[in-house]
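**Q** Below you'll find run-v3.txt; it's compact mmCIF, C-alpha atoms.
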```txt
# COMPACT_ATOMS: atom_id res chain seq x y z
CA MET B 1 -161.89 -153.03 30.50
CA SER B 2 -158.37 -154.01 31.55
CA ASP B 3 -157.66 -156.84 33.97
CA PRO B 4 -157.16 -155.84 37.61
CA ARG B 5 -153.54 -155.53 38.70
CA PHE B 6 -152.32 -157.57 41.65
CA ARG B 7 -149.32 -156.81 43.87
CA VAL B 8 -147.57 -159.85 45.27
CA GLY B 9 -144.74 -160.76 47.60
CA VAL B 10 -142.73 -163.98 47.64
CA VAL B 11 -141.24 -165.48 50.79
CA GLY B 12 -138.32 -167.78 49.94
CA VAL B 13 -135.47 -167.41 47.46
CA GLY B 14 -134.66 -171.08 46.82
CA TRP B 15 -135.73 -173.16 43.83
CA ALA B 16 -139.45 -173.02 44.62
CA GLY B 17 -139.43 -169.29 45.30
CA GLN B 18 -137.67 -168.70 42.00
CA GLN B 19 -140.38 -170.68 40.19
CA HIS B 20 -143.09 -168.49 41.74
CA LEU B 21 -141.20 -165.31 40.86
CA ALA B 22 -140.68 -166.33 37.23
CA ALA B 23 -144.35 -167.29 36.88
CA TYR B 24 -145.58 -164.02 38.37
CA GLN B 25 -143.25 -161.95 36.20
CA ALA B 26 -144.67 -163.60 33.08
CA LEU B 27 -148.16 -162.27 33.87
CA PRO B 28 -148.96 -158.75 32.65
CA ASN B 29 -151.40 -157.98 35.48
CA VAL B 30 -149.03 -158.87 38.36
CA GLU B 31 -146.46 -156.65 40.03
CA ILE B 32 -143.80 -158.25 42.24
CA VAL B 33 -143.61 -155.78 45.12
CA ALA B 34 -141.48 -157.64 47.68
CA ILE B 35 -139.23 -160.65 48.24
CA ALA B 36 -138.10 -162.05 51.59
CA GLY B 37 -135.22 -164.47 52.15
CA GLN B 38 -132.23 -165.08 54.37
CA GLU B 39 -129.67 -165.66 51.60
CA ALA B 40 -128.54 -162.05 51.15
CA ASP B 41 -126.77 -162.40 47.80
CA MET B 42 -129.62 -164.34 46.23
CA LEU B 43 -132.16 -161.89 47.65
CA VAL B 44 -130.43 -158.94 46.02
CA SER B 45 -129.95 -160.81 42.75
CA LEU B 46 -133.62 -161.82 42.52
CA GLY B 47 -134.75 -158.36 43.54
CA GLU B 48 -132.82 -156.86 40.65
CA LYS B 49 -133.96 -159.54 38.21
CA HIS B 50 -137.66 -159.14 39.02
CA GLY B 51 -137.72 -155.42 39.82
CA ALA B 52 -138.95 -155.87 43.39
CA PRO B 53 -138.67 -152.54 45.27
CA HIS B 54 -138.82 -154.10 48.76
CA LEU B 55 -136.33 -156.75 49.96
CA PHE B 56 -136.51 -158.21 53.47
CA GLU B 57 -134.60 -160.73 55.52
CA SER B 58 -137.72 -161.68 57.50
CA TRP B 59 -141.15 -162.74 56.35
CA GLU B 60 -142.71 -160.73 59.19
CA GLN B 61 -141.60 -157.51 57.50
CA LEU B 62 -142.97 -158.59 54.14
CA VAL B 63 -146.50 -159.45 55.32
CA GLU B 64 -146.79 -156.02 56.99
CA LEU B 65 -146.44 -154.18 53.68
CA PRO B 66 -149.70 -152.26 53.20
CA GLU B 67 -149.64 -152.38 49.39
CA LEU B 68 -149.68 -156.18 49.03
CA ASP B 69 -152.62 -158.19 47.70
CA ALA B 70 -151.14 -161.68 47.94
CA VAL B 71 -148.19 -163.69 49.21
CA SER B 72 -146.45 -166.82 47.95
CA ILE B 73 -144.87 -169.07 50.58
CA ALA B 74 -141.87 -171.06 49.34
CA VAL B 75 -139.96 -171.92 52.51
CA PRO B 76 -139.52 -175.02 54.75
CA ASN B 77 -142.71 -176.73 55.89
CA PHE B 78 -142.56 -175.61 59.53
CA LEU B 79 -142.97 -172.00 58.40
CA HIS B 80 -146.03 -172.50 56.20
CA ALA B 81 -148.63 -172.15 58.95
CA PRO B 82 -147.21 -169.12 60.81
CA ILE B 83 -146.63 -167.15 57.60
CA ALA B 84 -149.99 -168.06 56.07
CA VAL B 85 -151.98 -167.29 59.20
CA ALA B 86 -150.24 -163.94 59.64
CA ALA B 87 -150.77 -163.02 55.98
CA LEU B 88 -154.42 -164.07 55.97
CA LYS B 89 -155.11 -162.06 59.13
CA ARG B 90 -153.67 -159.06 57.26
CA GLY B 91 -156.24 -159.69 54.53
CA LEU B 92 -153.80 -161.13 52.01
CA HIS B 93 -154.44 -164.07 49.69
CA VAL B 94 -151.95 -166.92 50.06
CA LEU B 95 -150.36 -169.42 47.68
CA SER B 96 -148.29 -171.95 49.61
CA GLU B 97 -145.91 -174.61 48.44
CA LYS B 98 -146.95 -178.16 49.26
CA PRO B 99 -147.59 -179.71 51.67
CA LEU B 100 -150.17 -177.38 53.19
CA ALA B 101 -148.40 -177.70 56.56
CA ARG B 102 -146.47 -180.18 58.68
CA ASN B 103 -149.72 -181.80 59.81
CA GLY B 104 -153.48 -181.47 59.81
CA VAL B 105 -153.58 -179.43 63.01
CA GLU B 106 -151.50 -176.66 61.46
CA GLY B 107 -153.39 -177.04 58.20
CA ARG B 108 -156.69 -176.51 60.03
CA GLN B 109 -155.32 -173.26 61.51
CA MET B 110 -154.53 -172.05 57.99
CA VAL B 111 -157.95 -172.99 56.61
CA ASP B 112 -159.74 -171.35 59.56
CA ALA B 113 -157.72 -168.18 58.98
CA ALA B 114 -158.64 -168.18 55.27
CA ARG B 115 -162.33 -168.59 56.06
CA SER B 116 -162.28 -165.87 58.71
CA ALA B 117 -160.51 -163.48 56.33
CA GLY B 118 -162.60 -164.41 53.30
CA ARG B 119 -159.42 -164.88 51.29
CA VAL B 120 -157.94 -167.52 48.97
CA LEU B 121 -155.62 -170.17 50.39
CA ASP B 122 -154.18 -172.19 47.52
CA VAL B 123 -151.47 -174.87 47.46
CA ALA B 124 -148.98 -175.57 44.67
CA PHE B 125 -150.15 -179.00 43.55
CA ASN B 126 -148.63 -178.56 40.11
CA HIS B 127 -148.70 -182.23 39.08
CA ARG B 128 -152.48 -182.39 38.86
CA LEU B 129 -152.08 -179.66 36.20
CA ARG B 130 -149.80 -181.81 34.02
CA GLY B 131 -151.22 -182.09 30.53
CA ASP B 132 -151.25 -185.89 30.65
CA ILE B 133 -153.07 -185.97 34.00
CA GLN B 134 -155.61 -183.41 32.78
CA THR B 135 -156.19 -185.48 29.64
CA LEU B 136 -156.67 -188.67 31.63
CA GLY B 137 -159.00 -186.80 33.97
CA GLU B 138 -161.19 -185.77 31.05
CA ILE B 139 -161.36 -189.39 29.85
CA ILE B 140 -162.34 -190.60 33.31
CA GLN B 141 -164.90 -187.83 33.80
CA SER B 142 -166.52 -188.74 30.47
CA GLY B 143 -167.46 -192.11 31.96
CA GLU B 144 -165.49 -194.02 29.35
CA LEU B 145 -163.87 -196.28 31.98
CA GLY B 146 -167.07 -196.85 33.92
CA ARG B 147 -167.03 -197.12 37.71
CA LEU B 148 -163.46 -196.99 39.02
CA TYR B 149 -162.64 -199.55 41.71
CA TYR B 150 -158.86 -199.93 42.00
CA ALA B 151 -155.94 -197.58 41.41
CA LYS B 152 -152.20 -197.47 42.03
CA ALA B 153 -150.04 -194.36 42.03
CA SER B 154 -146.42 -193.66 42.86
CA TRP B 155 -143.45 -191.34 42.70
CA MET B 156 -140.29 -193.42 43.02
CA ARG B 157 -136.70 -192.25 43.18
CA ARG B 158 -133.48 -194.26 43.25
CA ARG B 159 -131.25 -191.49 44.63
CA GLY B 160 -133.38 -188.52 45.51
CA ILE B 161 -133.09 -187.58 49.17
CA PRO B 162 -132.99 -183.76 49.09
CA LYS B 163 -130.10 -182.37 51.09
CA ILE B 164 -129.40 -185.02 53.74
CA GLY B 165 -128.92 -183.24 57.04
CA SER B 166 -131.01 -180.22 56.03
CA TRP B 167 -134.55 -179.32 57.11
CA PHE B 168 -135.87 -181.88 54.62
CA THR B 169 -134.62 -184.75 56.80
CA ASN B 170 -135.46 -183.12 60.14
CA ARG B 171 -138.81 -184.42 61.41
CA GLU B 172 -139.64 -181.31 63.41
CA MET B 173 -139.03 -178.98 60.47
CA ALA B 174 -140.42 -181.12 57.64
CA GLY B 175 -143.14 -183.17 59.31
CA GLY B 176 -142.10 -186.26 57.35
CA GLY B 177 -140.03 -187.64 54.50
CA PRO B 178 -141.08 -188.57 50.95
CA LEU B 179 -144.68 -189.25 51.98
CA ALA B 180 -145.07 -185.61 53.05
CA ASP B 181 -142.81 -184.22 50.34
CA ILE B 182 -143.59 -185.95 47.04
CA GLY B 183 -146.15 -188.49 48.23
CA VAL B 184 -148.62 -185.67 48.86
CA HIS B 185 -148.39 -184.85 45.13
CA VAL B 186 -149.22 -188.48 44.34
CA LEU B 187 -152.15 -188.47 46.74
CA ASP B 188 -153.40 -185.21 45.26
CA TYR B 189 -153.33 -186.19 41.59
CA ALA B 190 -154.69 -189.66 42.34
CA LEU B 191 -157.70 -188.36 44.28
CA PHE B 192 -158.23 -185.70 41.62
CA LEU B 193 -158.32 -188.37 38.89
CA LEU B 194 -160.63 -190.59 40.94
CA GLY B 195 -163.16 -187.78 41.33
CA GLU B 196 -162.32 -186.71 44.89
CA PRO B 197 -163.74 -189.70 46.78
CA LYS B 198 -163.75 -189.49 50.56
CA VAL B 199 -160.91 -191.45 52.18
CA GLU B 200 -162.31 -193.77 54.83
CA SER B 201 -159.19 -195.45 56.22
CA VAL B 202 -155.53 -196.13 55.58
CA SER B 203 -153.06 -198.90 56.35
CA ALA B 204 -149.51 -197.71 55.82
CA VAL B 205 -145.89 -198.65 56.35
CA THR B 206 -142.80 -196.47 56.38
CA TYR B 207 -139.13 -197.45 56.24
CA ALA B 208 -135.84 -195.65 56.84
CA GLU B 209 -133.32 -198.16 55.56
CA LEU B 210 -130.99 -196.10 53.35
CA GLY B 211 -131.13 -192.48 54.48
CA PRO B 212 -129.76 -193.11 57.99
CA ARG B 213 -126.75 -194.80 56.34
CA ASN B 214 -126.20 -191.76 54.11
CA ILE B 215 -127.27 -193.76 51.05
CA GLY B 216 -129.59 -192.29 48.46
CA GLY B 217 -128.78 -188.62 48.51
CA MET B 218 -128.78 -186.71 45.28
CA LYS B 219 -125.40 -187.31 43.66
CA TRP B 220 -124.08 -183.78 44.03
CA GLU B 221 -125.17 -183.54 47.68
CA THR B 222 -124.26 -186.86 49.32
CA ALA B 223 -120.57 -186.09 49.75
CA GLN B 224 -121.44 -182.94 51.68
CA ALA B 225 -124.04 -184.51 53.97
CA LYS B 226 -123.30 -183.75 57.61
CA GLY B 227 -126.59 -183.77 59.49
CA GLY B 228 -128.95 -186.51 60.64
CA PHE B 229 -131.80 -188.38 58.97
CA GLU B 230 -134.96 -188.48 61.11
CA VAL B 231 -137.69 -189.32 58.58
CA GLU B 232 -138.65 -192.20 56.29
CA ASP B 233 -137.09 -192.85 52.89
CA PHE B 234 -139.92 -195.10 51.60
CA ALA B 235 -143.65 -195.28 52.31
CA SER B 236 -146.56 -197.32 51.06
CA ALA B 237 -150.27 -196.99 51.88
CA PHE B 238 -153.40 -199.04 51.21
CA ILE B 239 -156.21 -196.49 51.12
CA ARG B 240 -159.89 -197.43 51.36
CA LEU B 241 -162.25 -195.03 49.58
CA GLU B 242 -165.91 -194.31 50.07
CA GLY B 243 -167.99 -196.48 47.76
CA GLY B 244 -165.64 -199.45 47.97
CA GLY B 245 -162.77 -198.21 45.82
CA THR B 246 -159.11 -198.68 46.69
CA LEU B 247 -155.97 -196.64 46.11
CA VAL B 248 -152.46 -198.03 46.65
CA LEU B 249 -149.79 -195.36 47.01
CA GLU B 250 -146.00 -195.74 47.00
CA THR B 251 -143.30 -193.14 47.29
CA SER B 252 -139.56 -193.17 47.83
CA TRP B 253 -136.68 -190.79 48.08
CA ALA B 254 -134.22 -193.68 47.98
CA ALA B 255 -134.66 -197.32 46.97
CA PHE B 256 -132.70 -199.94 45.04
CA ARG B 257 -134.76 -199.75 41.84
CA ASN B 258 -134.41 -198.48 38.29
CA PRO B 259 -132.10 -195.44 38.36
CA THR B 260 -134.60 -193.29 36.47
CA ASP B 261 -137.26 -191.57 38.57
CA LEU B 262 -140.88 -192.50 37.87
CA ILE B 263 -144.28 -190.89 38.36
CA ASP B 264 -147.17 -193.17 37.48
CA PHE B 265 -150.88 -193.88 37.85
CA SER B 266 -152.97 -196.86 36.81
CA VAL B 267 -156.67 -197.48 37.28
CA LEU B 268 -159.17 -200.28 36.73
CA GLY B 269 -162.78 -199.50 35.92
CA THR B 270 -165.84 -201.56 35.04
CA GLU B 271 -165.68 -200.48 31.38
CA GLY B 272 -161.97 -199.90 30.90
CA GLY B 273 -158.63 -199.09 32.45
CA ALA B 274 -155.76 -196.67 31.98
CA GLU B 275 -152.08 -196.33 32.73
CA LEU B 276 -149.83 -193.28 32.84
CA ARG B 277 -146.06 -193.58 33.19
CA ALA B 278 -143.84 -190.50 33.30
CA VAL B 279 -140.37 -192.07 33.14
CA GLY B 280 -137.99 -189.40 34.33
CA ALA B 281 -140.70 -187.94 36.61
CA THR B 282 -140.59 -184.15 36.41
CA LYS B 283 -138.18 -184.28 33.45
CA ALA B 284 -140.87 -186.02 31.38
CA GLN B 285 -143.16 -183.20 30.31
CA VAL B 286 -145.56 -185.72 28.80
CA GLY B 287 -145.86 -189.27 30.09
CA ASP B 288 -146.75 -192.47 28.25
CA LEU B 289 -150.56 -192.67 28.46
CA HIS B 290 -152.61 -195.74 27.52
CA VAL B 291 -156.35 -196.44 27.69
CA TYR B 292 -157.53 -200.06 27.69
CA ARG B 293 -161.04 -200.86 26.44
CA ASP B 294 -163.15 -203.42 24.61
CA VAL B 295 -165.62 -202.42 21.91
CA ASP B 296 -168.11 -205.05 20.73
CA GLY B 297 -166.01 -207.70 22.43
CA GLU B 298 -162.80 -206.68 20.68
CA ILE B 299 -159.74 -204.97 22.17
CA ALA B 300 -159.90 -201.23 21.40
CA ASP B 301 -156.92 -199.83 23.30
CA TYR B 302 -155.47 -196.47 22.32
CA GLN B 303 -152.90 -193.85 23.30
CA PRO B 304 -154.31 -190.34 23.85
CA SER B 305 -152.12 -187.36 23.09
CA ALA B 306 -151.52 -184.68 25.72
CA GLU B 307 -149.98 -181.25 25.98
CA PRO B 308 -146.71 -180.75 27.89
CA GLY B 309 -147.02 -179.75 31.52
CA ARG B 310 -146.36 -176.16 32.58
CA ALA B 311 -145.52 -176.77 36.26
CA HIS B 312 -145.55 -173.67 38.50
CA ALA B 313 -146.57 -171.39 35.64
CA ALA B 314 -149.96 -173.10 35.54
CA VAL B 315 -150.31 -173.00 39.34
CA VAL B 316 -149.54 -169.29 39.57
CA GLU B 317 -151.79 -168.44 36.63
CA ASN B 318 -154.70 -170.24 38.27
CA PHE B 319 -154.01 -168.50 41.61
CA VAL B 320 -154.00 -165.08 39.95
CA ARG B 321 -157.19 -165.98 38.08
CA LEU B 322 -158.81 -166.78 41.44
CA LEU B 323 -157.76 -163.40 42.82
CA GLY B 324 -159.85 -161.78 40.12
CA SER B 325 -162.90 -163.98 40.82
CA PRO B 326 -164.24 -163.10 44.31
CA GLN B 327 -167.21 -165.42 43.80
CA GLU B 328 -164.75 -168.34 43.86
CA TRP B 329 -162.90 -167.36 47.03
CA PRO B 330 -165.14 -169.30 49.48
CA ASP B 331 -164.53 -172.55 47.58
CA ASN B 332 -160.75 -172.05 47.58
CA ASP B 333 -159.97 -171.86 51.29
CA GLY B 334 -157.44 -174.70 51.42
CA SER B 335 -159.98 -177.33 52.51
CA GLN B 336 -158.97 -179.82 49.84
CA ALA B 337 -155.29 -179.51 50.78
CA LEU B 338 -156.29 -179.99 54.42
CA ARG B 339 -157.96 -183.28 53.52
CA ARG B 340 -154.67 -184.38 51.93
CA ALA B 341 -152.81 -183.42 55.12
CA GLU B 342 -155.24 -185.41 57.27
CA VAL B 343 -154.75 -188.51 55.11
CA ILE B 344 -150.95 -188.15 55.39
CA ASP B 345 -151.34 -187.81 59.18
CA ALA B 346 -153.38 -191.02 59.25
CA CYS B 347 -150.71 -192.81 57.20
CA TYR B 348 -147.97 -191.86 59.64
CA ARG B 349 -150.15 -192.90 62.57
CA SER B 350 -150.97 -196.21 60.89
CA ALA B 351 -147.29 -196.93 60.26
CA ALA B 352 -146.33 -196.06 63.84
CA GLU B 353 -149.14 -198.09 65.43
CA LYS B 354 -149.03 -200.95 62.89
CA ARG B 355 -152.78 -200.93 62.28
CA GLU B 356 -155.44 -199.56 59.99
CA VAL B 357 -156.51 -196.03 60.91
CA ALA B 358 -159.83 -194.36 60.13
CA VAL B 359 -159.77 -190.92 58.53
CA ALA B 360 -162.29 -188.55 60.09
```
Represent the supplied structure as structure tokens.

**A**
Amino acid sequence: MSDPRFRVGVVGVGWAGQQHLAAYQALPNVEIVAIAGQEADMLVSLGEKHGAPHLFESWEQLVELPELDAVSIAVPNFLHAPIAVAALKRGLHVLSEKPLARNGVEGRQMVDAARSAGRVLDVAFNHRLRGDIQTLGEIIQSGELGRLYYAKASWMRRRGIPKIGSWFTNREMAGGGPLADIGVHVLDYALFLLGEPKVESVSAVTYAELGPRNIGGMKWETAQAKGGFEVEDFASAFIRLEGGGTLVLETSWAAFRNPTDLIDFSVLGTEGGAELRAVGATKAQVGDLHVYRDVDGEIADYQPSAEPGRAHAAVVENFVRLLGSPQEWPDNDGSQALRRAEVIDACYRSAAEKREVAVA
């Protein structure tokens, strides 16, 4: 019996949209039916490259196509909720770029729509699917490190503000700066590694020291920056977890630090600890992974091996797998991504009010 064939549409023709398109095209049981985007030349080019018979300037036209099974959303954050809700009401499955939405209120609308429609709402948290993070997760789940009580995780950039003056640095369009953009990846993979503990409260700070002065943009973009900077460029959060554990999170788009970007995670447990450092961030397909343990009172540290990460290819493959597994749809309604959004909301509130904030 052959695998079922799924017909998909992609909204967005920028970098993220192109990743979704390439991943879908690599799957034999997926047909790219439609692409929507406002950059006319790129839309035509991608349509030809991926054999999409329907090309639209507006997402509204795409979600009305009767032959679609699913939609990928790869556009600015303020459009995630309206597109997803409209698609889900049409009975389509949805894969959205991170974050789920600009805030938890919009995220809740998306989750409610997924539940009402009985459809999948998935979010592209590709970093939790890195080979090194999956390997560390298996070690943690085996109980080798014992009870985990303290963890630190970060994604730090020296010069990494994306397109100063674009929607990325507009609070209304983006919902936030690096905390909402790359910090949500850090929060996601950290909570995944820690076994999905409930977040009880957060105490956070945010700073905008470099971006407003047009410092810290990506090298090829800074000279062309014309718009404003309305979000943070650095954020840090002290996160209290159910059961007494703690997670410290840091993220920056711009900071006077080592010029090479870094993604990392370290954890302390009652029987051992571990540290993962991906120097170069997304350019490091496999990070430097260490496990620290004692055996019979002697140091027994080691370095596990891990497979290279596969980024959006892994995300899209998992999404398509879910489409063929109706029994899994109820458990993939975006609820986990919503919990991430609610923690981010609490962090911004904590920073604004200069106090610890409980997470409902």

**Q** Check the smallest atom-to-atom distance from each of B:Ser252, B:Ser58, B:Asn170, B:Gln285 to Thr206 (chain B) using all atoms listed in the file, then report the winner.

**A**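 Selected residue with least distance to Thr206 (chain B): B:Ser252.
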
**Q** My list of candidates is B:Ala81, B:Ala26, B:Val357, B:Ala306. Which is closest to Ala237 (chain B) when distances are computed with all atoms listed in the file?

**A**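 Ranked by minimum distance to Ala237 (chain B), first place goes to B:Val357.
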
**Q** Please list as a list of chain:residue names every residue within 6 Å of region 308-319 of chain B, counting only C-alpha atoms and excluding residues in the same chain fewer than 5 positions away.

**A**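 The residues that qualify are B:Ala23, B:Asn126, B:Arg130, B:Gly131, B:Gln285, B:Val286.
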
**Q** Each residue of region 44-76 of chain B lying at most 12 Å from region 323-345 of chain B should get a row with its shortest atom-to-atom pair and the distance in Å to one decimal, counting all atoms listed in the file; could you produce that, ordered by chain and increasing number, as a tab-separated table?

**A**
```
residue	atom	partner	partner_atom	distance
B:Asp69	CA	B:Leu323	CA	8.8
B:Ala70	CA	B:Leu323	CA	8.5
B:Val71	CA	B:Leu323	CA	11.5
```

**Q** B:Ala204, B:Val123, B:Leu65, B:Ile161: which is nearest Tyr348 (chain B), counting all atoms listed in the file?

**A**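 Smallest separation from Tyr348 (chain B) among the options: B:Ala204.
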
**Q** Save N, CA and C atoms of region 22-50 of chain B from the block above as an mmCIF file, in the first residue's frame.

**A**
```
data_model
loop_
_atom_site.group_PDB
_atom_site.id
_atom_site.type_symbol
_atom_site.label_atom_id
_atom_site.label_comp_id
_atom_site.auth_asym_id
_atom_site.auth_seq_id
_atom_site.Cartn_x
_atom_site.Cartn_y
_atom_site.Cartn_z
ATOM 1 N N ALA B 22 11.697 23.578 -0.251
ATOM 2 C CA ALA B 22 12.728 22.581 -0.562
ATOM 3 C C ALA B 22 12.481 21.282 0.192
ATOM 4 N N ALA B 23 12.049 21.396 1.450
ATOM 5 C CA ALA B 23 11.793 20.193 2.256
ATOM 6 C C ALA B 23 10.589 19.419 1.732
ATOM 7 N N TYR B 24 9.546 20.130 1.348
ATOM 8 C CA TYR B 24 8.372 19.452 0.782
ATOM 9 C C TYR B 24 8.725 18.757 -0.534
ATOM 10 N N GLN B 25 9.475 19.452 -1.385
ATOM 11 C CA GLN B 25 9.787 18.883 -2.689
ATOM 12 C C GLN B 25 10.610 17.605 -2.570
ATOM 13 N N ALA B 26 11.358 17.467 -1.492
ATOM 14 C CA ALA B 26 12.187 16.282 -1.300
ATOM 15 C C ALA B 26 11.381 15.047 -0.896
ATOM 16 N N LEU B 27 10.098 15.239 -0.560
ATOM 17 C CA LEU B 27 9.270 14.124 -0.107
ATOM 18 C C LEU B 27 8.424 13.580 -1.257
ATOM 19 N N PRO B 28 8.470 12.292 -1.495
ATOM 20 C CA PRO B 28 7.769 11.723 -2.648
ATOM 21 C C PRO B 28 6.245 11.760 -2.537
ATOM 22 N N ASN B 29 5.715 11.867 -1.327
ATOM 23 C CA ASN B 29 4.262 11.833 -1.159
ATOM 24 C C ASN B 29 3.655 13.222 -0.944
ATOM 25 N N VAL B 30 4.383 14.273 -1.346
ATOM 26 C CA VAL B 30 3.890 15.649 -1.196
ATOM 27 C C VAL B 30 3.895 16.336 -2.554
ATOM 28 N N GLU B 31 2.816 17.052 -2.823
ATOM 29 C CA GLU B 31 2.706 17.851 -4.038
ATOM 30 C C GLU B 31 2.549 19.322 -3.638
ATOM 31 N N ILE B 32 3.440 20.160 -4.109
ATOM 32 C CA ILE B 32 3.328 21.601 -3.840
ATOM 33 C C ILE B 32 2.330 22.177 -4.839
ATOM 34 N N VAL B 33 1.166 22.549 -4.345
ATOM 35 C CA VAL B 33 0.062 22.996 -5.196
ATOM 36 C C VAL B 33 0.060 24.504 -5.389
ATOM 37 N N ALA B 34 0.471 25.256 -4.337
ATOM 38 C CA ALA B 34 0.345 26.713 -4.413
ATOM 39 C C ALA B 34 1.402 27.405 -3.576
ATOM 40 N N ILE B 35 1.772 28.606 -4.009
ATOM 41 C CA ILE B 35 2.690 29.477 -3.269
ATOM 42 C C ILE B 35 2.086 30.879 -3.280
ATOM 43 N N ALA B 36 2.172 31.561 -2.147
ATOM 44 C CA ALA B 36 1.704 32.943 -2.063
ATOM 45 C C ALA B 36 2.836 33.825 -1.560
ATOM 46 N N GLY B 37 2.987 34.992 -2.167
ATOM 47 C CA GLY B 37 4.015 35.943 -1.744
ATOM 48 C C GLY B 37 3.871 37.242 -2.498
ATOM 49 N N GLN B 38 4.403 38.310 -1.927
ATOM 50 C CA GLN B 38 4.236 39.635 -2.511
ATOM 51 C C GLN B 38 5.414 40.062 -3.379
ATOM 52 N N GLU B 39 6.508 39.283 -3.356
ATOM 53 C CA GLU B 39 7.652 39.584 -4.206
ATOM 54 C C GLU B 39 7.452 38.857 -5.530
ATOM 55 N N ALA B 40 6.948 39.582 -6.533
ATOM 56 C CA ALA B 40 6.478 38.964 -7.776
ATOM 57 C C ALA B 40 7.542 38.123 -8.473
ATOM 58 N N ASP B 41 8.746 38.660 -8.618
ATOM 59 C CA ASP B 41 9.799 37.925 -9.319
ATOM 60 C C ASP B 41 10.150 36.628 -8.598
ATOM 61 N N MET B 42 10.289 36.712 -7.289
ATOM 62 C CA MET B 42 10.622 35.522 -6.506
ATOM 63 C C MET B 42 9.485 34.514 -6.555
ATOM 64 N N LEU B 43 8.254 34.987 -6.523
ATOM 65 C CA LEU B 43 7.094 34.103 -6.582
ATOM 66 C C LEU B 43 7.104 33.282 -7.869
ATOM 67 N N VAL B 44 7.332 33.951 -8.984
ATOM 68 C CA VAL B 44 7.369 33.257 -10.272
ATOM 69 C C VAL B 44 8.534 32.276 -10.323
ATOM 70 N N SER B 45 9.688 32.720 -9.845
ATOM 71 C CA SER B 45 10.877 31.866 -9.861
ATOM 72 C C SER B 45 10.660 30.594 -9.042
ATOM 73 N N LEU B 46 10.110 30.743 -7.837
ATOM 74 C CA LEU B 46 9.883 29.581 -6.973
ATOM 75 C C LEU B 46 8.778 28.687 -7.528
ATOM 76 N N GLY B 47 7.778 29.320 -8.145
ATOM 77 C CA GLY B 47 6.726 28.524 -8.763
ATOM 78 C C GLY B 47 7.267 27.620 -9.841
ATOM 79 N N GLU B 48 8.162 28.156 -10.669
ATOM 80 C CA GLU B 48 8.777 27.361 -11.731
ATOM 81 C C GLU B 48 9.685 26.275 -11.146
ATOM 82 N N LYS B 49 10.446 26.648 -10.144
ATOM 83 C CA LYS B 49 11.404 25.706 -9.545
ATOM 84 C C LYS B 49 10.702 24.515 -8.914
ATOM 85 N N HIS B 50 9.563 24.770 -8.250
ATOM 86 C CA HIS B 50 8.898 23.705 -7.499
ATOM 87 C C HIS B 50 7.640 23.175 -8.188
#
```
